[in-house]
$ cat protein.csv   # CSV, C-alpha atoms and all ligand atoms
chain,number,residue,atom,x,y,z
C,371,MET,CA,-88.1,-7.5,25.3
C,372,SER,CA,-85.1,-8.2,27.3
C,373,GLN,CA,-83.6,-5.7,29.5
C,374,GLY,CA,-80.2,-5.8,27.9
C,375,GLY,CA,-81.4,-3.4,25.1
C,376,GLU,CA,-78.6,-1.9,23.1
C,377,ALA,CA,-75.9,-3.5,25.0
C,378,GLU,CA,-77.3,-6.9,24.2
C,379,ASN,CA,-77.5,-6.2,20.4
C,380,LYS,CA,-73.9,-5.0,20.3
C,381,ILE,CA,-71.8,-7.0,18.1
C,382,ILE,CA,-69.2,-8.7,20.1
C,383,GLU,CA,-65.9,-8.4,18.6
C,384,PHE,CA,-63.8,-11.5,19.1
C,385,PRO,CA,-60.2,-11.0,19.1
C,386,ARG,CA,-58.9,-11.5,15.6
C,387,PRO,CA,-56.7,-14.4,15.1
C,388,LYS,CA,-53.1,-13.2,14.7
C,389,PRO,CA,-51.8,-13.5,11.2
C,390,PRO,CA,-49.5,-16.4,11.0
C,391,ARG,CA,-45.9,-15.4,11.6
C,392,ALA,CA,-43.8,-15.3,8.5
C,393,PRO,CA,-41.5,-18.3,8.8
C,394,ARG,CA,-38.2,-17.2,10.2
C,395,LYS,CA,-35.5,-16.9,7.6
C,396,PRO,CA,-33.2,-19.8,8.2
C,397,ARG,CA,-29.8,-18.6,9.3
C,398,VAL,CA,-27.5,-19.4,6.5
C,399,VAL,CA,-24.6,-21.2,8.2
C,400,LYS,CA,-21.9,-21.6,5.7
C,401,THR,CA,-20.0,-24.8,6.1
C,402,THR,CA,-18.1,-24.6,2.9
C,403,ARG,CA,-14.4,-23.6,2.8
C,404,ALA,CA,-12.2,-22.7,-0.1
C,405,ARG,CA,-9.7,-25.6,-0.6
C,406,ARG,CA,-6.8,-23.3,-0.6
C,407,ILE,CA,-6.4,-19.5,-0.3
C,408,VAL,CA,-3.4,-18.0,-1.9
C,409,ALA,CA,-2.4,-14.4,-1.3
C,410,VAL,CA,0.1,-12.5,-3.5
C,411,GLY,CA,1.9,-9.6,-2.0
C,412,GLY,CA,5.4,-8.1,-1.9
C,413,GLY,CA,5.4,-4.7,-0.3
C,414,LYS,CA,6.6,-2.8,-3.3
C,415,GLY,CA,4.4,-1.4,-6.1
C,416,GLY,CA,4.7,-2.4,-9.8
C,417,ILE,CA,6.6,-5.6,-9.3
C,418,GLY,CA,4.1,-8.0,-11.0
C,419,LYS,CA,1.8,-9.0,-8.1
C,420,SER,CA,-1.3,-8.6,-10.3
C,421,LEU,CA,0.4,-10.3,-13.3
C,422,VAL,CA,1.3,-13.3,-11.1
C,423,SER,CA,-2.2,-13.4,-9.5
C,424,ALA,CA,-4.1,-13.2,-12.7
C,425,ASN,CA,-2.0,-15.8,-14.6
C,426,LEU,CA,-1.9,-18.2,-11.6
C,427,GLY,CA,-5.7,-18.0,-11.5
C,428,ILE,CA,-5.8,-18.8,-15.2
C,429,ALA,CA,-3.3,-21.6,-15.0
C,430,LEU,CA,-5.2,-23.3,-12.1
C,431,ALA,CA,-8.6,-22.9,-13.9
C,432,GLN,CA,-7.1,-24.3,-17.1
C,433,ARG,CA,-6.1,-27.4,-15.0
C,434,GLY,CA,-9.7,-27.9,-14.0
C,435,SER,CA,-9.9,-26.2,-10.7
C,436,SER,CA,-12.6,-23.6,-9.8
C,437,VAL,CA,-10.9,-20.3,-8.9
C,438,VAL,CA,-12.0,-16.9,-7.6
C,439,LEU,CA,-9.6,-14.1,-7.9
C,440,VAL,CA,-10.0,-11.3,-5.3
C,441,ASP,CA,-8.6,-7.9,-6.1
C,442,ALA,CA,-7.7,-6.8,-2.6
C,443,ASP,CA,-5.8,-3.8,-3.8
C,444,LEU,CA,-8.3,-1.5,-2.1
C,445,GLY,CA,-8.0,1.8,-3.8
C,446,GLY,CA,-5.8,0.7,-6.7
C,447,ALA,CA,-7.8,-2.2,-8.2
C,448,ASN,CA,-6.7,-3.1,-11.7
C,449,LEU,CA,-6.7,-6.9,-11.7
C,450,HIS,CA,-9.6,-6.9,-14.3
C,451,SER,CA,-7.2,-5.3,-16.8
C,452,CYS,CA,-4.7,-8.2,-16.3
C,453,LEU,CA,-7.5,-10.5,-17.1
C,454,GLY,CA,-8.6,-8.5,-20.1
C,455,VAL,CA,-12.1,-7.8,-18.8
C,456,PRO,CA,-13.8,-4.4,-18.5
C,457,GLN,CA,-14.2,-3.0,-15.0
C,458,PRO,CA,-17.0,-4.9,-13.4
C,459,GLN,CA,-20.1,-3.0,-12.3
C,460,VAL,CA,-20.0,-4.7,-8.9
C,461,SER,CA,-17.1,-4.8,-6.5
C,462,LEU,CA,-15.9,-5.6,-3.0
C,463,SER,CA,-17.2,-2.1,-2.1
C,464,ASP,CA,-20.8,-3.4,-2.7
C,465,PHE,CA,-20.1,-6.2,-0.2
C,466,ILE,CA,-18.4,-4.0,2.4
C,467,ASP,CA,-21.2,-1.3,2.1
C,468,ARG,CA,-23.8,-4.1,2.3
C,469,ARG,CA,-25.4,-3.6,-1.0
C,470,ALA,CA,-24.6,-7.2,-1.6
C,471,GLU,CA,-25.1,-9.9,1.0
C,472,THR,CA,-22.6,-12.5,-0.2
C,473,LEU,CA,-19.3,-12.4,-2.1
C,474,GLU,CA,-20.9,-14.7,-4.7
C,475,GLU,CA,-23.1,-11.8,-5.8
C,476,VAL,CA,-20.1,-9.7,-6.6
C,477,ALA,CA,-18.0,-12.4,-8.3
C,478,VAL,CA,-18.2,-11.9,-12.1
C,479,PRO,CA,-17.3,-14.3,-15.0
C,480,THR,CA,-14.0,-13.6,-16.7
C,481,GLY,CA,-14.6,-15.3,-20.0
C,482,ILE,CA,-12.3,-18.1,-18.8
C,483,GLU,CA,-14.0,-21.3,-17.8
C,484,ARG,CA,-14.1,-21.9,-14.0
C,485,LEU,CA,-12.4,-18.5,-13.2
C,486,LYS,CA,-14.3,-15.6,-11.6
C,487,LEU,CA,-13.2,-12.2,-10.4
C,488,ILE,CA,-14.2,-10.2,-7.4
C,489,SER,CA,-13.1,-6.7,-8.3
C,490,GLY,CA,-11.7,-4.1,-5.8
C,491,ALA,CA,-13.1,-0.6,-5.4
C,492,ARG,CA,-14.1,1.1,-8.6
C,493,ASP,CA,-12.0,4.3,-8.0
C,494,VAL,CA,-10.1,6.0,-5.2
C,495,LEU,CA,-13.1,7.9,-4.0
C,496,ASP,CA,-15.1,4.6,-3.8
C,497,ALA,CA,-12.2,2.9,-2.1
C,498,ALA,CA,-13.3,0.1,0.1
C,499,ASN,CA,-11.8,0.8,3.5
C,500,PRO,CA,-13.3,-1.7,5.8
C,501,ARG,CA,-13.3,-1.2,9.6
C,502,HIS,CA,-12.2,-4.0,11.8
C,503,ALA,CA,-15.6,-5.8,12.1
C,504,GLU,CA,-16.2,-5.4,8.3
C,505,LYS,CA,-12.8,-6.7,7.6
C,506,GLN,CA,-13.3,-9.8,9.8
C,507,LYS,CA,-16.6,-10.4,8.0
C,508,LEU,CA,-14.9,-10.1,4.6
C,509,LEU,CA,-12.1,-12.5,5.7
C,510,ARG,CA,-14.7,-15.0,6.9
C,511,HIS,CA,-16.6,-14.8,3.7
C,512,ILE,CA,-13.5,-15.2,1.6
C,513,ARG,CA,-12.6,-18.3,3.6
C,514,SER,CA,-16.0,-19.8,3.0
C,515,LEU,CA,-16.1,-19.3,-0.8
C,516,ASP,CA,-17.1,-22.7,-2.3
C,517,VAL,CA,-14.2,-23.1,-4.7
C,518,ASP,CA,-11.0,-24.9,-5.1
C,519,TYR,CA,-8.7,-21.8,-5.0
C,520,VAL,CA,-9.1,-18.3,-3.9
C,521,ILE,CA,-6.3,-16.0,-5.1
C,522,VAL,CA,-6.0,-12.7,-3.4
C,523,ASP,CA,-4.1,-10.0,-5.2
C,524,LEU,CA,-2.7,-7.5,-2.6
C,525,GLY,CA,-1.8,-3.8,-3.0
C,526,ALA,CA,1.7,-2.4,-2.2
C,527,GLY,CA,2.8,-1.5,1.4
C,528,THR,CA,2.6,-3.1,4.8
C,529,GLY,CA,-0.6,-1.7,6.2
C,530,PHE,CA,-2.6,-3.9,8.5
C,531,ASN,CA,-5.4,-4.5,5.9
C,532,THR,CA,-2.8,-5.8,3.5
C,533,LEU,CA,-1.0,-7.9,6.1
C,534,ASP,CA,-4.3,-9.4,7.4
C,535,PHE,CA,-5.3,-10.5,3.9
C,536,PHE,CA,-1.8,-12.0,3.5
C,537,LEU,CA,-2.1,-13.9,6.8
C,538,LEU,CA,-5.6,-15.2,5.9
C,539,ALA,CA,-4.0,-17.3,3.2
C,540,ASP,CA,-2.9,-20.9,3.4
C,541,THR,CA,-0.1,-20.0,1.1
C,542,GLY,CA,1.4,-16.5,1.1
C,543,ILE,CA,3.3,-15.6,-2.1
C,544,VAL,CA,5.9,-12.8,-2.0
C,545,VAL,CA,6.9,-11.4,-5.4
C,546,LEU,CA,10.3,-9.7,-5.7
C,547,LEU,CA,12.5,-8.4,-8.4
C,548,PRO,CA,16.2,-9.1,-8.7
C,549,GLU,CA,17.1,-5.6,-7.4
C,550,PRO,CA,18.4,-4.6,-3.9
C,551,THR,CA,15.5,-2.2,-3.3
C,552,SER,CA,12.9,-4.9,-4.1
C,553,ILE,CA,14.7,-7.5,-2.0
C,554,GLU,CA,14.8,-5.1,0.9
C,555,ASN,CA,11.1,-4.4,0.5
C,556,ALA,CA,10.2,-8.0,0.3
C,557,TYR,CA,12.1,-8.6,3.6
C,558,ARG,CA,10.3,-5.7,5.2
C,559,PHE,CA,7.0,-7.1,4.1
C,560,ILE,CA,7.7,-10.6,5.3
C,561,LYS,CA,9.0,-9.3,8.7
C,562,ALA,CA,5.9,-7.1,9.1
C,563,ALA,CA,3.6,-10.1,8.3
C,564,PHE,CA,5.6,-12.3,10.7
C,565,PHE,CA,5.2,-9.9,13.7
C,566,ARG,CA,1.6,-9.1,12.8
C,567,ARG,CA,0.9,-12.9,12.8
C,568,LEU,CA,2.4,-13.3,16.2
C,569,GLN,CA,0.5,-10.2,17.5
C,570,LEU,CA,-2.7,-11.8,16.4
C,571,MET,CA,-1.7,-15.0,18.2
C,572,GLU,CA,-0.4,-13.2,21.2
C,573,ARG,CA,-3.0,-14.5,23.7
C,574,THR,CA,-2.2,-18.1,23.1
C,575,LEU,CA,1.5,-17.6,22.9
C,576,GLY,CA,2.0,-15.9,26.3
C,577,CYS,CA,4.9,-13.7,25.3
C,578,GLY,CA,2.9,-10.5,24.4
C,579,GLU,CA,5.5,-8.1,25.8
C,580,LEU,CA,8.4,-9.5,23.6
C,581,ILE,CA,6.2,-9.2,20.5
C,582,ALA,CA,4.9,-5.7,21.5
C,583,ASP,CA,8.4,-4.5,22.0
C,584,ALA,CA,9.5,-5.9,18.7
C,585,LEU,CA,6.6,-4.3,16.9
C,586,ALA,CA,7.3,-0.9,18.6
C,587,GLY,CA,11.0,-1.2,17.8
C,588,ALA,CA,11.8,-0.7,21.5
C,589,PRO,CA,15.5,-0.6,22.5
C,590,GLY,CA,16.9,-4.2,22.8
C,591,ALA,CA,13.8,-5.6,21.2
C,592,ALA,CA,14.0,-8.5,18.8
C,593,LYS,CA,14.6,-7.4,15.2
C,594,THR,CA,14.3,-10.8,13.6
C,595,PRO,CA,12.4,-14.0,14.2
C,596,PHE,CA,15.7,-15.5,15.2
C,597,GLU,CA,16.3,-12.9,17.9
C,598,LEU,CA,12.7,-13.3,19.1
C,599,LEU,CA,13.1,-17.0,19.6
C,600,THR,CA,16.5,-16.5,21.4
C,601,GLN,CA,14.9,-13.9,23.8
C,602,ALA,CA,11.9,-16.2,24.5
C,603,ARG,CA,14.2,-19.1,25.3
C,604,GLU,CA,16.1,-17.0,27.8
C,605,LYS,CA,13.3,-15.0,29.3
C,606,LEU,CA,10.2,-17.1,28.9
C,607,PRO,CA,11.1,-20.8,28.6
C,608,GLU,CA,7.5,-21.9,29.1
C,609,ALA,CA,6.3,-19.9,26.1
C,610,TYR,CA,9.2,-20.9,23.9
C,611,ALA,CA,7.8,-24.1,22.6
C,612,ARG,CA,4.5,-22.5,21.6
C,613,LEU,CA,6.4,-19.6,19.9
C,614,GLU,CA,8.6,-22.1,18.0
C,615,VAL,CA,5.5,-23.8,16.6
C,616,ALA,CA,4.1,-20.5,15.6
C,617,VAL,CA,7.3,-19.4,13.9
C,618,ASN,CA,7.6,-22.7,12.0
C,619,GLY,CA,4.0,-22.4,10.8
C,620,PHE,CA,4.9,-19.2,8.9
C,621,ARG,CA,6.3,-20.1,5.5
C,622,PRO,CA,5.8,-17.6,2.7
C,623,GLN,CA,6.8,-18.7,-0.8
C,624,LEU,CA,8.9,-16.4,-3.0
C,625,VAL,CA,8.4,-15.8,-6.7
C,626,LEU,CA,11.2,-13.9,-8.5
C,627,ASN,CA,9.8,-11.8,-11.3
C,628,GLN,CA,11.5,-10.1,-14.2
C,629,ALA,CA,14.6,-12.4,-14.2
C,630,ARG,CA,17.0,-11.4,-17.0
C,631,THR,CA,20.2,-13.4,-16.3
C,632,ARG,CA,21.0,-16.9,-15.2
C,633,ALA,CA,22.1,-15.4,-11.8
C,634,ASP,CA,18.7,-13.7,-11.5
C,635,HIS,CA,17.0,-17.1,-11.9
C,636,GLU,CA,19.1,-18.5,-9.0
C,637,LEU,CA,18.6,-15.5,-6.8
C,638,GLY,CA,15.3,-16.7,-5.3
C,639,SER,CA,16.7,-19.7,-3.7
C,640,GLN,CA,19.8,-17.8,-2.6
C,641,VAL,CA,17.7,-15.1,-0.9
C,642,SER,CA,15.6,-17.7,0.9
C,643,GLY,CA,18.7,-19.5,2.1
C,644,ALA,CA,20.3,-16.3,3.4
C,645,TRP,CA,17.1,-15.2,5.2
C,646,LYS,CA,16.9,-18.6,6.9
C,647,LYS,CA,20.5,-18.3,8.1
C,648,PHE,CA,20.5,-14.7,9.2
C,649,PHE,CA,16.9,-14.1,10.2
C,650,GLY,CA,15.5,-17.5,11.1
C,651,LEU,CA,12.8,-17.3,8.4
C,652,ASP,CA,11.9,-20.5,6.6
C,653,LEU,CA,10.8,-19.6,3.1
C,654,GLY,CA,9.8,-21.6,0.1
C,655,TYR,CA,10.7,-20.8,-3.5
C,656,LEU,CA,8.1,-21.3,-6.2
C,657,GLY,CA,10.3,-20.2,-9.1
C,658,ALA,CA,11.3,-17.4,-11.4
C,659,VAL,CA,9.4,-15.6,-14.2
C,660,ALA,CA,11.6,-14.1,-16.9
C,661,HIS,CA,11.5,-10.5,-17.9
C,662,ASP,CA,9.7,-10.7,-21.2
C,663,ASP,CA,8.3,-8.2,-23.7
C,664,ALA,CA,5.3,-10.5,-24.1
C,665,ALA,CA,4.3,-9.6,-20.5
C,666,TRP,CA,4.1,-5.9,-20.8
C,667,LYS,CA,2.7,-6.1,-24.4
C,668,ALA,CA,-0.1,-8.3,-23.1
C,669,VAL,CA,-0.9,-5.7,-20.3
C,670,ARG,CA,-0.9,-3.0,-23.0
C,671,ALA,CA,-3.2,-5.0,-25.2
C,672,ILE,CA,-5.4,-5.6,-22.1
C,673,LYS,CA,-5.1,-9.4,-22.5
C,674,PRO,CA,-4.1,-12.0,-20.1
C,675,LEU,CA,-0.5,-13.2,-20.8
C,676,LEU,CA,-1.4,-17.0,-20.6
C,677,ILE,CA,-4.1,-16.5,-23.2
C,678,ALA,CA,-2.4,-13.9,-25.5
C,679,GLU,CA,1.1,-15.5,-25.5
C,680,PRO,CA,0.9,-19.0,-24.0
C,681,GLY,CA,4.2,-20.0,-25.6
C,682,SER,CA,6.2,-17.0,-24.2
C,683,THR,CA,9.1,-17.4,-21.7
C,684,ALA,CA,7.2,-15.5,-19.0
C,685,ALA,CA,4.2,-17.7,-19.5
C,686,ALA,CA,6.4,-20.8,-19.1
C,687,GLY,CA,7.7,-19.4,-15.8
C,688,LEU,CA,4.2,-18.7,-14.6
C,689,LEU,CA,3.1,-22.2,-15.5
C,690,HIS,CA,6.1,-23.6,-13.6
C,691,VAL,CA,5.2,-21.5,-10.5
C,692,ALA,CA,1.6,-22.9,-10.8
C,693,GLU,CA,2.9,-26.4,-10.9
C,694,ASN,CA,5.1,-25.8,-7.8
C,695,LEU,CA,2.1,-24.3,-6.0
C,696,LEU,CA,0.0,-27.3,-6.8
C,697,SER,CA,2.7,-29.6,-5.4
C,698,LEU,CA,2.8,-27.9,-2.0
C,699,PRO,CA,1.4,-30.0,0.8
C,700,ALA,CA,-2.2,-29.2,1.6
C,801,LIG,N1,7.9,-10.6,-16.2
C,801,LIG,C1,7.7,-9.4,-16.7
C,801,LIG,N2,8.3,-9.0,-17.9
C,801,LIG,C2,8.1,-7.7,-18.4
C,801,LIG,N3,7.3,-6.8,-17.8
C,801,LIG,C3,6.7,-7.2,-16.7
C,801,LIG,C4,6.8,-8.5,-16.1
C,801,LIG,N4,6.1,-8.5,-14.9
C,801,LIG,C5,5.5,-7.3,-14.8
C,801,LIG,N5,5.8,-6.5,-15.9
C,801,LIG,C6,5.4,-5.1,-16.1
C,801,LIG,O1,5.2,-4.5,-14.8
C,801,LIG,C7,4.0,-3.9,-14.8
C,801,LIG,C8,3.4,-3.9,-13.4
C,801,LIG,O2,2.9,-5.2,-13.1
C,801,LIG,P1,1.7,-5.4,-12.1
C,801,LIG,O3,0.6,-4.5,-12.4
C,801,LIG,O4,1.4,-6.9,-12.1
C,801,LIG,O5,2.5,-5.0,-10.7
C,801,LIG,P2,1.8,-4.9,-9.3
C,801,LIG,O6,2.9,-5.3,-8.3
C,801,LIG,O7,0.5,-5.5,-9.2
C,801,LIG,O8,1.7,-3.3,-9.2
C,801,LIG,P3,0.8,-2.5,-8.1
C,801,LIG,O9,1.5,-2.5,-6.8
C,801,LIG,O10,0.7,-1.1,-8.7
C,801,LIG,O11,-0.5,-3.2,-8.0
C,801,LIG,C9,3.1,-4.6,-15.8
C,801,LIG,O12,2.1,-3.8,-16.3
C,801,LIG,C10,4.1,-5.0,-16.9
C,801,LIG,O13,4.2,-3.9,-17.8
C,802,MG,MG,-1.4,-4.9,-8.6
$ encode --input "protein.csv" --output "C-alpha cells" --more "lines below"
Ligand SMILES: Nc1ncnc2c1ncn2[C@@H]1O[C@H](COP(=O)(O)OP(=O)(O)OP(=O)(O)O)[C@@H](O)[C@H]1O
Ligand SMILES: [Mg+2]
Amino acid sequence: MSQGGEAENKIIEFPRPKPPRAPRKPRVVKTTRARRIVAVGGGKGGIGKSLVSANLGIALAQRGSSVVLVDADLGGANLHSCLGVPQPQVSLSDFIDRRAETLEEVAVPTGIERLKLISGARDVLDAANPRHAEKQKLLRHIRSLDVDYVIVDLGAGTGFNTLDFFLLADTGIVVLLPEPTSIENAYRFIKAAFFRRLQLMERTLGCGELIADALAGAPGAAKTPFELLTQAREKLPEAYARLEVAVNGFRPQLVLNQARTRADHELGSQVSGAWKKFFGLDLGYLGAVAHDDAAWKAVRAIKPLLIAEPGSTAAAGLLHVAENLLSLPA
C-alpha cells in the first residue's frame, strides 16, 4: 500500500477548458449613403410642407427611384395622413429610444412601390425629443439609408432640431405662401438656417466672434449674409475667402404653394431675386403649386394628391417641382 493514501486516490481536477468565446459580433460599418437628401421646411405652420414632401416622394418613386420619407415633425407627425396610410405602429421614437437598432426597422411600406415612410412620434406625450448625441446618431443613420432619395418633412419653427435636419440635406426646400407673413417667416427660417450652418462650421472658418455676435443679435452685428461678408472682408481678411465659400455653398430652393394668380406664380423668382440683392442670399426656385380644391379634398379623404387627383392643377405643379428637383446638379 502506498503511503499517499487518501491524497493519492483523490481525483485530480484538471482545469476545464474554457468554453469557446462567442464570435464577436462584427461591427456593422455602414458604407452606404442616400444619393440625395431633401429636407422640406419653411418656418410657418400649415403652409403645405407635408403635402409637398409626400407628393414629391410619390413623384420620385413613380419615376423609378427608391425613396424614404422621414416625418421629422417631432411632436406633430402627420405625414402618414398625406400618404393615406394609417399611423404606423413603429416610429422614429422607437429608434431614438433604442427599441429599434436601425432606421430600416422603422421604415414601413406605403402601398406605393419603392416608397417607404419613417413616421414621427405617435403623439405629443411620445414626442421624440433627441438629445445632442442621439440627434447626431439619427442624422448619421438618415445619411446612410441605402436609397436614392430621403425626403425629410420638417415641423414649423426655427428650433435647432429643425434647423439641423434642414442642414443635413443636400437640397433644402423652403415652402412659402404668397402672403407677406409667410414670406417674412420664410426669410426668418432661411436666415436662422444660414447662421446655424456657419455656427456649425465656425472652427474651420476662423470668424467665430462675428458669427456669435450675429446669432446673439449684438449691437453692430451682421444682420444678413451680405453684412457678414462685408464685416469679414474688413476685419478678418484671412477668413474672408473661407467664409465666402461657405456662404456660396448654402443654396436653399423655394417652392411657392397655394398660388392663385399669375402674379403669385411669378412671386417665387421675384422673392429669390430680391433676397439675393438685399441680403446676399443665393436661392433657387423649383416652381409654384396652385391653390387647388383637389389638394384639401385629398387631405380630407386621407389620400395622396398625386394618386387621388393626378390630373389636378396642384398635382401638375408638384410634378413640375419634382422635375426641377431632379434636374439640379448632384
Ligand atoms: N396647394 C394647395 N391648395 C389647397 N389647399 C392646400 C394646398 N396646400 C396645402 N393645402 C391645405 O393646407 C393644409 C396644410 O397643409 P400641410 O399639412 O401640408 O402643411 P404643413 O406646412 O405641413 O403644416 P404643419 O406645419 O402643421 O406640419 C392641407 O391640409 C390642405 O388642406
Ligand atoms: Mg406638416
$ atom_distance --input "protein.csv" --atom1 "atom CA of Arg405 of chain C" --atom2 "atom CA of Ile521 of chain C"
11.1 Å
$ residues_around --input "protein.csv" --residues "segment 696-698 of chain C" --least-positions-apart "2" --cutoff "10 Å" --atoms "only C-alpha atoms" --output "VMD selection string"
chain C and resid 430 541 654 656 690 to 694 700
$ closest_residue --input "protein.csv" --among "C:Asn618, C:Gln628, C:Gln506, C:Thr480" --to "ligand LIG 801 (chain C)" --atoms "only C-alpha atoms and all ligand atoms"
C:Gln628
$ closest_atom_pairs --input "protein.csv" --of "chain C" --to "ligand LIG 801 (chain C)" --cutoff "10 Å" --atoms "all atoms listed in the file" --output "CSV"
residue,atom,partner,partner_atom,distance
C:Val410,CA,C:LIG801,O7,9.0
C:Gly411,CA,C:LIG801,O6,7.7
C:Gly412,CA,C:LIG801,O6,7.4
C:Gly413,CA,C:LIG801,O9,7.9
C:Lys414,CA,C:LIG801,O9,6.2
C:Gly415,CA,C:LIG801,O9,3.2
C:Gly416,CA,C:LIG801,O8,3.2
C:Ile417,CA,C:LIG801,O6,3.8
C:Gly418,CA,C:LIG801,O4,3.1
C:Lys419,CA,C:LIG801,O6,3.9
C:Ser420,CA,C:LIG801,O4,3.7
C:Leu421,CA,C:LIG801,O4,3.7
C:Val422,CA,C:LIG801,O4,6.5
C:Ser423,CA,C:LIG801,O4,7.9
C:Ala424,CA,C:LIG801,O4,8.4
C:Asn425,CA,C:LIG801,O4,9.8
C:Asp441,CA,C:LIG801,O11,9.6
C:Ala442,CA,C:LIG801,O11,9.7
C:Asp443,CA,C:LIG801,O11,6.8
C:Leu444,CA,C:LIG801,O11,9.9
C:Gly445,CA,C:LIG801,O11,9.9
C:Gly446,CA,C:LIG801,O11,6.7
C:Ala447,CA,C:LIG801,O11,7.4
C:Asn448,CA,C:LIG801,O11,7.2
C:Leu449,CA,C:LIG801,O3,7.7
C:Ser451,CA,C:LIG801,O3,9.0
C:Cys452,CA,C:LIG801,O4,7.5
C:Asp523,CA,C:LIG801,O7,7.6
C:Leu524,CA,C:LIG801,O11,7.2
C:Gly525,CA,C:LIG801,O9,5.2
C:Ala526,CA,C:LIG801,O9,4.6
C:Gly527,CA,C:LIG801,O9,8.4
C:Val545,CA,C:LIG801,O6,7.8
C:Leu546,CA,C:LIG801,O6,9.0
C:Leu547,CA,C:LIG801,N4,9.1
C:Leu626,CA,C:LIG801,N1,9.0
C:Asn627,CA,C:LIG801,N1,5.4
C:Gln628,CA,C:LIG801,N1,4.1
C:Ala629,CA,C:LIG801,N1,7.2
C:Arg630,CA,C:LIG801,N2,9.1
C:Ala658,CA,C:LIG801,N1,9.0
C:Val659,CA,C:LIG801,N1,5.6
C:Ala660,CA,C:LIG801,N1,5.1
C:His661,CA,C:LIG801,N2,3.5
C:Asp662,CA,C:LIG801,N2,4.0
C:Asp663,CA,C:LIG801,C2,5.3
C:Ala664,CA,C:LIG801,C2,6.9
C:Ala665,CA,C:LIG801,C2,4.7
C:Trp666,CA,C:LIG801,O13,3.6
C:Lys667,CA,C:LIG801,O13,7.1
C:Ala668,CA,C:LIG801,O13,8.1
C:Val669,CA,C:LIG801,O12,5.3
C:Arg670,CA,C:LIG801,O13,7.3
C:Ile672,CA,C:LIG801,O12,9.7
C:Leu675,CA,C:LIG801,C4,9.9
C:Thr683,CA,C:LIG801,N1,8.8
C:Ala684,CA,C:LIG801,N1,5.7
C:Ala685,CA,C:LIG801,N1,8.7
C:Gly687,CA,C:LIG801,N1,8.8
C:Leu688,CA,C:LIG801,N1,9.0
$ atom_distance --input "protein.csv" --atom1 "atom CA of Ile581 of chain C" --atom2 "atom CA of Arg406 of chain C"
28.5 Å
